[in-house]
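Here is work_11.cif, consisting of mmCIF, C-alpha atoms:
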```
data_data
#
loop_
_atom_site.group_PDB
_atom_site.id
_atom_site.type_symbol
_atom_site.label_atom_id
_atom_site.label_comp_id
_atom_site.auth_asym_id
_atom_site.auth_seq_id
_atom_site.Cartn_x
_atom_site.Cartn_y
_atom_site.Cartn_z
ATOM 1 C CA MET A 1 138.040 115.902 77.928
ATOM 2 C CA ALA A 2 136.497 117.834 80.788
ATOM 3 C CA LYS A 3 135.210 115.777 83.695
ATOM 4 C CA HIS A 4 131.932 116.664 85.390
ATOM 5 C CA LYS A 5 131.540 116.058 89.091
ATOM 6 C CA VAL A 6 128.390 114.349 90.257
ATOM 7 C CA ALA A 7 126.882 115.628 93.493
ATOM 8 C CA THR A 8 126.860 112.911 96.135
ATOM 9 C CA ALA A 9 125.322 112.835 99.589
ATOM 10 C CA GLY A 10 127.242 115.165 101.855
ATOM 11 C CA SER A 11 129.299 116.678 99.024
ATOM 12 C CA PRO A 12 129.813 120.468 98.767
ATOM 13 C CA ALA A 13 127.929 120.478 95.452
ATOM 14 C CA GLN A 14 124.887 118.892 97.074
ATOM 15 C CA ALA A 15 125.138 121.097 100.157
ATOM 16 C CA ASN A 16 124.915 124.200 97.947
ATOM 17 C CA SER A 17 122.095 122.816 95.792
ATOM 18 C CA GLU A 18 118.435 123.706 96.227
ATOM 19 C CA TYR A 19 117.626 120.010 95.726
ATOM 20 C CA ILE A 20 118.100 117.146 98.153
ATOM 21 C CA VAL A 21 119.822 114.892 95.591
ATOM 22 C CA GLY A 22 119.430 116.583 92.220
ATOM 23 C CA ALA A 23 116.772 118.150 90.025
ATOM 24 C CA ALA A 24 115.914 115.026 88.005
ATOM 25 C CA TYR A 25 116.018 112.741 91.065
ATOM 26 C CA ASP A 26 113.960 115.048 93.278
ATOM 27 C CA TYR A 27 111.278 115.691 90.675
ATOM 28 C CA THR A 28 111.050 111.999 89.744
ATOM 29 C CA LEU A 29 110.896 110.543 93.258
ATOM 30 C CA PHE A 30 109.916 113.405 95.594
ATOM 31 C CA LEU A 31 108.065 116.270 93.961
ATOM 32 C CA LEU A 32 105.979 114.934 91.054
ATOM 33 C CA PRO A 33 104.736 111.537 92.371
ATOM 34 C CA PRO A 34 102.016 113.094 94.613
ATOM 35 C CA THR A 35 100.605 115.029 91.662
ATOM 36 C CA PHE A 36 100.836 111.965 89.439
ATOM 37 C CA ALA A 37 99.086 109.829 92.074
ATOM 38 C CA LEU A 38 96.302 112.413 92.427
ATOM 39 C CA CYS A 39 95.722 112.514 88.656
ATOM 40 C CA LEU A 40 95.791 108.722 88.447
ATOM 41 C CA GLY A 41 93.301 108.456 91.306
ATOM 42 C CA ILE A 42 90.924 110.865 89.575
ATOM 43 C CA LEU A 43 91.338 108.972 86.307
ATOM 44 C CA ILE A 44 90.387 105.568 87.755
ATOM 45 C CA SER A 45 87.881 106.760 90.389
ATOM 46 C CA ASP A 46 84.797 105.730 88.388
ATOM 47 C CA SER A 47 86.314 102.667 86.746
ATOM 48 C CA GLY A 48 85.884 98.966 87.457
ATOM 49 C CA PHE A 49 89.580 98.889 88.328
ATOM 50 C CA ALA A 50 88.812 100.909 91.460
ATOM 51 C CA ASN A 51 85.233 99.842 92.248
ATOM 52 C CA THR A 52 84.743 96.189 91.258
ATOM 53 C CA ASP A 53 85.367 93.764 94.133
ATOM 54 C CA PHE A 54 86.765 90.262 93.803
ATOM 55 C CA ARG A 55 87.859 87.630 96.311
ATOM 56 C CA PHE A 56 91.549 87.426 97.135
ATOM 57 C CA TYR A 57 92.578 85.057 99.939
ATOM 58 C CA ASP A 58 89.155 85.378 101.641
ATOM 59 C CA HIS A 59 89.117 89.169 101.347
ATOM 60 C CA ASP A 60 87.007 91.427 99.137
ATOM 61 C CA VAL A 61 89.413 93.716 97.288
ATOM 62 C CA THR A 62 89.594 95.844 94.161
ATOM 63 C CA TRP A 63 92.495 95.871 91.736
ATOM 64 C CA ALA A 64 93.298 99.440 92.801
ATOM 65 C CA GLY A 65 93.263 98.495 96.475
ATOM 66 C CA LEU A 66 95.386 95.415 95.878
ATOM 67 C CA LEU A 67 97.919 97.366 93.830
ATOM 68 C CA ILE A 68 98.308 100.171 96.358
ATOM 69 C CA GLY A 69 98.579 97.577 99.134
ATOM 70 C CA ILE A 70 101.453 95.869 97.312
ATOM 71 C CA ILE A 71 103.236 99.188 96.754
ATOM 72 C CA ILE A 72 102.780 100.255 100.404
ATOM 73 C CA HIS A 73 104.061 96.995 101.862
ATOM 74 C CA ALA A 74 106.977 96.864 99.410
ATOM 75 C CA HIS A 75 107.871 100.388 100.536
ATOM 76 C CA LEU A 76 107.707 99.409 104.221
ATOM 77 C CA PHE A 77 109.802 96.300 103.608
ATOM 78 C CA ALA A 78 112.489 98.262 101.762
ATOM 79 C CA VAL A 79 112.564 101.124 104.279
ATOM 80 C CA PHE A 80 113.037 98.689 107.173
ATOM 81 C CA PHE A 81 116.418 97.621 105.766
ATOM 82 C CA ARG A 82 117.279 101.173 104.745
ATOM 83 C CA SER A 83 116.808 102.433 108.331
ATOM 84 C CA HIS A 84 117.714 99.469 110.530
ATOM 85 C CA GLY A 85 120.514 98.397 108.200
ATOM 86 C CA ASN A 86 122.141 101.826 108.325
ATOM 87 C CA ARG A 87 124.624 101.727 111.205
ATOM 88 C CA ALA A 88 124.932 105.514 111.372
ATOM 89 C CA ILE A 89 121.174 105.984 111.707
ATOM 90 C CA ARG A 90 120.706 102.983 114.001
ATOM 91 C CA SER A 91 123.390 104.177 116.399
ATOM 92 C CA LEU A 92 121.529 107.461 116.957
ATOM 93 C CA HIS A 93 118.627 105.680 118.662
ATOM 94 C CA PRO A 94 119.661 102.084 119.484
ATOM 95 C CA PHE A 95 116.887 101.687 122.081
ATOM 96 C CA ARG A 96 114.152 102.693 119.607
ATOM 97 C CA PHE A 97 115.582 100.743 116.678
ATOM 98 C CA LEU A 98 116.441 97.479 118.425
ATOM 99 C CA LEU A 99 114.790 96.968 121.811
ATOM 100 C CA VAL A 100 111.379 98.568 121.221
ATOM 101 C CA PRO A 101 110.513 96.487 118.099
ATOM 102 C CA ILE A 102 111.469 93.249 119.883
ATOM 103 C CA VAL A 103 109.428 94.075 122.991
ATOM 104 C CA LEU A 104 106.460 95.193 120.875
ATOM 105 C CA TYR A 105 106.574 92.021 118.770
ATOM 106 C CA LEU A 106 106.686 89.778 121.849
ATOM 107 C CA ALA A 107 103.743 91.695 123.333
ATOM 108 C CA MET A 108 101.731 91.307 120.109
ATOM 109 C CA VAL A 109 102.227 87.544 119.885
ATOM 110 C CA SER A 110 101.464 87.171 123.596
ATOM 111 C CA SER A 111 98.247 89.218 123.814
ATOM 112 C CA VAL A 112 95.312 89.572 121.411
ATOM 113 C CA TRP A 113 94.484 92.858 123.141
ATOM 114 C CA VAL A 114 97.910 94.251 122.270
ATOM 115 C CA LEU A 115 97.751 92.837 118.728
ATOM 116 C CA ILE A 116 94.396 94.455 117.935
ATOM 117 C CA SER A 117 95.286 97.709 119.704
ATOM 118 C CA VAL A 118 98.504 98.016 117.707
ATOM 119 C CA SER A 119 96.594 97.279 114.493
ATOM 120 C CA VAL A 120 94.096 100.070 115.200
ATOM 121 C CA LEU A 121 96.768 102.477 116.407
ATOM 122 C CA ALA A 122 98.838 101.868 113.260
ATOM 123 C CA THR A 123 95.938 103.134 111.133
ATOM 124 C CA PHE A 124 95.990 106.526 112.853
ATOM 125 C CA TRP A 125 99.755 106.585 113.319
ATOM 126 C CA ASP A 126 100.079 106.294 109.535
ATOM 127 C CA VAL A 127 98.112 109.531 109.118
ATOM 128 C CA TYR A 128 100.361 111.353 111.591
ATOM 129 C CA HIS A 129 103.467 109.798 110.037
ATOM 130 C CA SER A 130 102.433 110.873 106.532
ATOM 131 C CA ALA A 131 101.791 114.434 107.703
ATOM 132 C CA LEU A 132 105.271 114.542 109.204
ATOM 133 C CA GLN A 133 106.795 113.276 105.964
ATOM 134 C CA THR A 134 105.381 116.314 104.184
ATOM 135 C CA PHE A 135 106.578 118.504 107.045
ATOM 136 C CA GLY A 136 110.083 117.032 106.839
ATOM 137 C CA PHE A 137 110.413 117.513 103.100
ATOM 138 C CA ALA A 138 109.164 121.094 103.387
ATOM 139 C CA ARG A 139 111.688 121.929 106.089
ATOM 140 C CA ILE A 140 114.550 120.394 104.099
ATOM 141 C CA TYR A 141 113.703 122.415 100.997
ATOM 142 C CA ASP A 142 113.247 125.513 103.148
ATOM 143 C CA HIS A 143 116.739 124.989 104.520
ATOM 144 C CA LYS A 144 118.085 124.385 100.998
ATOM 145 C CA ALA A 145 116.607 127.746 99.991
ATOM 146 C CA GLY A 146 118.759 129.412 102.650
ATOM 147 C CA ASN A 147 116.163 129.841 105.396
ATOM 148 C CA ASP A 148 116.704 129.037 109.064
ATOM 149 C CA PRO A 149 115.060 125.585 109.563
ATOM 150 C CA LEU A 150 114.164 126.455 113.150
ATOM 151 C CA VAL A 151 112.252 129.651 112.354
ATOM 152 C CA GLY A 152 108.525 128.959 112.078
ATOM 153 C CA ARG A 153 109.081 125.243 112.679
ATOM 154 C CA ARG A 154 106.228 124.819 115.164
ATOM 155 C CA LEU A 155 103.782 126.783 113.000
ATOM 156 C CA ASP A 156 104.786 124.694 109.976
ATOM 157 C CA TRP A 157 104.215 121.520 112.014
ATOM 158 C CA TYR A 158 100.670 122.606 112.882
ATOM 159 C CA LEU A 159 100.005 123.622 109.281
ATOM 160 C CA ASN A 160 101.013 120.186 107.950
ATOM 161 C CA GLN A 161 98.836 118.453 110.533
ATOM 162 C CA LEU A 162 95.907 120.678 109.575
ATOM 163 C CA LEU A 163 96.344 120.127 105.836
ATOM 164 C CA TYR A 164 96.799 116.351 106.093
ATOM 165 C CA VAL A 165 94.992 115.151 109.218
ATOM 166 C CA GLY A 166 92.123 117.642 108.842
ATOM 167 C CA PRO A 167 90.739 116.310 105.530
ATOM 168 C CA THR A 168 91.193 112.733 106.769
ATOM 169 C CA LEU A 169 89.075 113.327 109.874
ATOM 170 C CA ALA A 170 86.523 115.570 108.186
ATOM 171 C CA GLY A 171 86.329 113.919 104.787
ATOM 172 C CA ALA A 172 85.088 110.807 103.059
ATOM 173 C CA THR A 173 87.953 108.617 104.271
ATOM 174 C CA MET A 174 87.187 109.201 107.936
ATOM 175 C CA MET A 175 85.011 106.067 108.158
ATOM 176 C CA ASP A 176 87.746 103.990 106.530
ATOM 177 C CA HIS A 177 89.873 104.808 109.559
ATOM 178 C CA VAL A 178 87.442 104.580 112.482
ATOM 179 C CA GLU A 179 85.868 101.331 111.262
ATOM 180 C CA ASP A 180 89.084 99.652 112.379
ATOM 181 C CA PHE A 181 87.687 99.871 115.913
ATOM 182 C CA LEU A 182 85.315 97.061 114.880
ATOM 183 C CA GLU A 183 88.282 94.716 115.273
ATOM 184 C CA TYR A 184 87.582 94.868 119.015
ATOM 185 C CA GLU A 185 84.430 92.803 118.422
ATOM 186 C CA GLU A 186 86.636 89.746 118.760
ATOM 187 C CA LEU A 187 87.332 90.796 122.350
ATOM 188 C CA GLY A 188 83.784 91.874 123.175
ATOM 189 C CA ALA A 189 84.998 95.400 123.904
ATOM 190 C CA THR A 190 81.760 97.276 123.252
ATOM 191 C CA PHE A 191 83.202 100.656 124.221
ATOM 192 C CA PHE A 192 85.695 100.565 121.349
ATOM 193 C CA THR A 193 83.337 98.986 118.810
ATOM 194 C CA SER A 194 80.758 101.717 119.508
ATOM 195 C CA ILE A 195 83.197 104.395 118.331
ATOM 196 C CA SER A 196 82.655 103.439 114.689
ATOM 197 C CA GLY A 197 78.858 103.655 115.028
ATOM 198 C CA PHE A 198 79.063 106.974 116.877
ATOM 199 C CA MET A 199 81.292 108.507 114.221
ATOM 200 C CA GLN A 200 79.090 107.259 111.393
ATOM 201 C CA THR A 201 75.981 108.694 113.050
ATOM 202 C CA ASN A 202 77.628 112.076 113.572
ATOM 203 C CA GLN A 203 79.765 112.226 110.439
ATOM 204 C CA GLY A 204 77.676 114.985 108.889
#
```

Full structure transcribed into structure tokens:
Amino acid sequence: MAKHKVATAGSPAQANSEYIVGAAYDYTLFLLPPTFALCLGILISDSGFANTDFRFYDHDVTWAGLLIGIIIHAHLFAVFFRSHGNRAIRSLHPFRFLLVPIVLYLAMVSSVWVLISVSVLATFWDVYHSALQTFGFARIYDHKAGNDPLVGRRLDWYLNQLLYVGPTLAGATMMDHVEDFLEYEELGATFFTSISGFMQTNQG
């Protein structure tokens, strides 16, 4: 009986493939989920699932918001162990992976200013981070197609920022991001809390 080799990470078969892992894997977990999520979002956009609020631990949430929150935090929890638990990856940047998180955590529990600032910054960092995820996947597939990953890299970086960050800042979700500045009300920092009002006034 003939034996079929399965492409594994770092194997010659995978190195010569146009996919990162394999066709079925890539389409299931990398390529089709964004399209599926877009279609699902359109499907539920006018439903009670997405628009009807209910109280959950003293917060007004929708079922759609609660579900996506669970998925996001489960993803972050899993990725933490996937990155920090990988000795090969961790050894590349030991200062960033080990010391920086500890120092940042101690600063957050020691200062409300730092805690709120990190919370607000994380909202915008997530937008930048998501744009770079798209950029990274595009460059990997470009390399898999036989192109030089360094050619056009900077232009591709700007393009991904424009396509992802642009609609966020200019679209309907802009206020969902800048309203996080209202967290500074607890500190009486009127300069930061006024940002949300300014953006809302000039959103058009």

- Task: Report as a ChimeraX atom specification the residues that result from applying the PyMOL selection byres ((chain A and resi 61-63) around 12) to the structure here.
- Result: /A:44-45,47-60,64-70

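If you look at CA of Gly171 (chain A) and CA of Tyr128 (chain A), they are 15.8 Å away from each other.
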
Per-residue nearest contacts region 52-89 of chain A to region 98-118 of chain A, cut-off 12 Å, using only C-alpha atoms, as CSV:
```
residue,atom,partner,partner_atom,distance
A:Phe80,CA,A:Pro101,CA,11.4
A:Ser83,CA,A:Leu98,CA,11.3
A:His84,CA,A:Leu98,CA,8.2
A:Gly85,CA,A:Leu98,CA,11.0
A:Arg87,CA,A:Leu98,CA,11.7
A:Ile89,CA,A:Leu98,CA,11.8
```

Write out as lines of an AutoDock Vina configuration file an axis-aligned box for region 115-128 of chain A: all of its atoms listed in the file, 3 Å added on each side, centre and edge lengths in Å with one decimal.
```
center_x = 97.2
center_y = 102.1
center_z = 114.4
size_x = 12.3
size_y = 24.5
size_z = 16.6
```

**Item:** Gap from CA of Asn86 (chain A) to CA of Pro34 (chain A) - Å, one decimal
**Value:**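 About the pair CA of Asn86 (chain A) and CA of Pro34 (chain A): they are 26.8 Å apart.
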
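One distance worth recording is that between CA of Tyr164 (chain A) and CA of Leu32 (chain A), which is 17.7 Å.
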
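Every protein, DNA or RNA residue with an atom at most 12 Å from Leu31 (chain A), where all atoms listed in the file count and chain neighbours fewer than 6 positions away do not, is listed here: Tyr19, Ile20, Val21, Gly22, Ala23, Ala24, Tyr25, Ala37, Thr134, Phe137, Ala138 and Tyr141 of chain A.
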
Please expand the PyMOL selection byres ((chain A and resi 194) around 12) into the concrete residues it hits in this file, giving the result as a list in words.
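On the file shown, the PyMOL selection byres ((chain A and resi 194) around 12) covers Val178, Glu179, Asp180, Phe181, Leu182, Glu183, Tyr184, Glu185, Gly188, Ala189, Thr190, Phe191, Phe192, Thr193, Ile195, Ser196, Gly197, Phe198, Met199, Gln200 and Thr201 of chain A.
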
Keeping only C-alpha atoms, write those residues as a short mmCIF file (atom, residue, chain, number, x, y, z; two decimals), in the frame of the given file.
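Listing of again_30.cif after writing:
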```cif
data_model
loop_
_atom_site.label_atom_id
_atom_site.label_comp_id
_atom_site.auth_asym_id
_atom_site.auth_seq_id
_atom_site.Cartn_x
_atom_site.Cartn_y
_atom_site.Cartn_z
CA VAL A 178 87.44 104.58 112.48
CA GLU A 179 85.87 101.33 111.26
CA ASP A 180 89.08 99.65 112.38
CA PHE A 181 87.69 99.87 115.91
CA LEU A 182 85.32 97.06 114.88
CA GLU A 183 88.28 94.72 115.27
CA TYR A 184 87.58 94.87 119.02
CA GLU A 185 84.43 92.80 118.42
CA GLY A 188 83.78 91.87 123.18
CA ALA A 189 85.00 95.40 123.90
CA THR A 190 81.76 97.28 123.25
CA PHE A 191 83.20 100.66 124.22
CA PHE A 192 85.70 100.56 121.35
CA THR A 193 83.34 98.99 118.81
CA ILE A 195 83.20 104.40 118.33
CA SER A 196 82.66 103.44 114.69
CA GLY A 197 78.86 103.66 115.03
CA PHE A 198 79.06 106.97 116.88
CA MET A 199 81.29 108.51 114.22
CA GLN A 200 79.09 107.26 111.39
CA THR A 201 75.98 108.69 113.05
#
```

| said: Give me the residues near Gln203 (chain A) as a VMD selection string, where near means some atom within 10 Å (using all atoms listed in the file) and where sequence neighbours in that chain fewer than 6 positions away do not count. | reply: chain A and resid 169 to 172 174 to 175 197

Mind completing region 69-86 of chain A with N, CA and C atoms? Output as a short mmCIF file (atom, residue, chain, number, x, y, z; two decimals), in the coordinates of the input, please?
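Heads up, here's the output in out29.cif:
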```
data_model
loop_
_atom_site.label_atom_id
_atom_site.label_comp_id
_atom_site.auth_asym_id
_atom_site.auth_seq_id
_atom_site.Cartn_x
_atom_site.Cartn_y
_atom_site.Cartn_z
N GLY A 69 98.13 98.36 97.99
CA GLY A 69 98.58 97.58 99.13
C GLY A 69 99.95 96.96 98.88
N ILE A 70 100.16 96.45 97.67
CA ILE A 70 101.45 95.87 97.31
C ILE A 70 102.55 96.93 97.35
N ILE A 71 102.25 98.11 96.79
CA ILE A 71 103.24 99.19 96.75
C ILE A 71 103.58 99.64 98.17
N ILE A 72 102.55 99.79 99.02
CA ILE A 72 102.78 100.26 100.40
C ILE A 72 103.65 99.27 101.17
N HIS A 73 103.31 97.99 101.09
CA HIS A 73 104.06 97.00 101.86
C HIS A 73 105.46 96.79 101.30
N ALA A 74 105.64 96.93 99.99
CA ALA A 74 106.98 96.86 99.41
C ALA A 74 107.82 98.03 99.91
N HIS A 75 107.19 99.19 100.01
CA HIS A 75 107.87 100.39 100.54
C HIS A 75 108.29 100.18 101.99
N LEU A 76 107.39 99.64 102.81
CA LEU A 76 107.71 99.41 104.22
C LEU A 76 108.82 98.38 104.37
N PHE A 77 108.78 97.34 103.55
CA PHE A 77 109.80 96.30 103.61
C PHE A 77 111.17 96.87 103.25
N ALA A 78 111.21 97.68 102.19
CA ALA A 78 112.49 98.26 101.76
C ALA A 78 113.03 99.26 102.78
N VAL A 79 112.14 100.09 103.34
CA VAL A 79 112.56 101.12 104.28
C VAL A 79 113.10 100.51 105.57
N PHE A 80 112.55 99.35 105.96
CA PHE A 80 113.04 98.69 107.17
C PHE A 80 114.54 98.43 107.08
N PHE A 81 115.00 97.91 105.94
CA PHE A 81 116.42 97.62 105.77
C PHE A 81 117.22 98.90 105.57
N ARG A 82 116.58 99.91 104.97
CA ARG A 82 117.28 101.17 104.74
C ARG A 82 117.55 101.89 106.07
N SER A 83 116.63 101.76 107.03
CA SER A 83 116.81 102.43 108.33
C SER A 83 117.58 101.56 109.32
N HIS A 84 117.09 100.34 109.55
CA HIS A 84 117.71 99.47 110.53
C HIS A 84 119.05 98.91 110.05
N GLY A 85 119.25 98.88 108.73
CA GLY A 85 120.51 98.40 108.20
C GLY A 85 121.57 99.47 108.08
N ASN A 86 121.21 100.71 108.39
CA ASN A 86 122.14 101.83 108.32
C ASN A 86 122.74 102.04 109.72
#
```
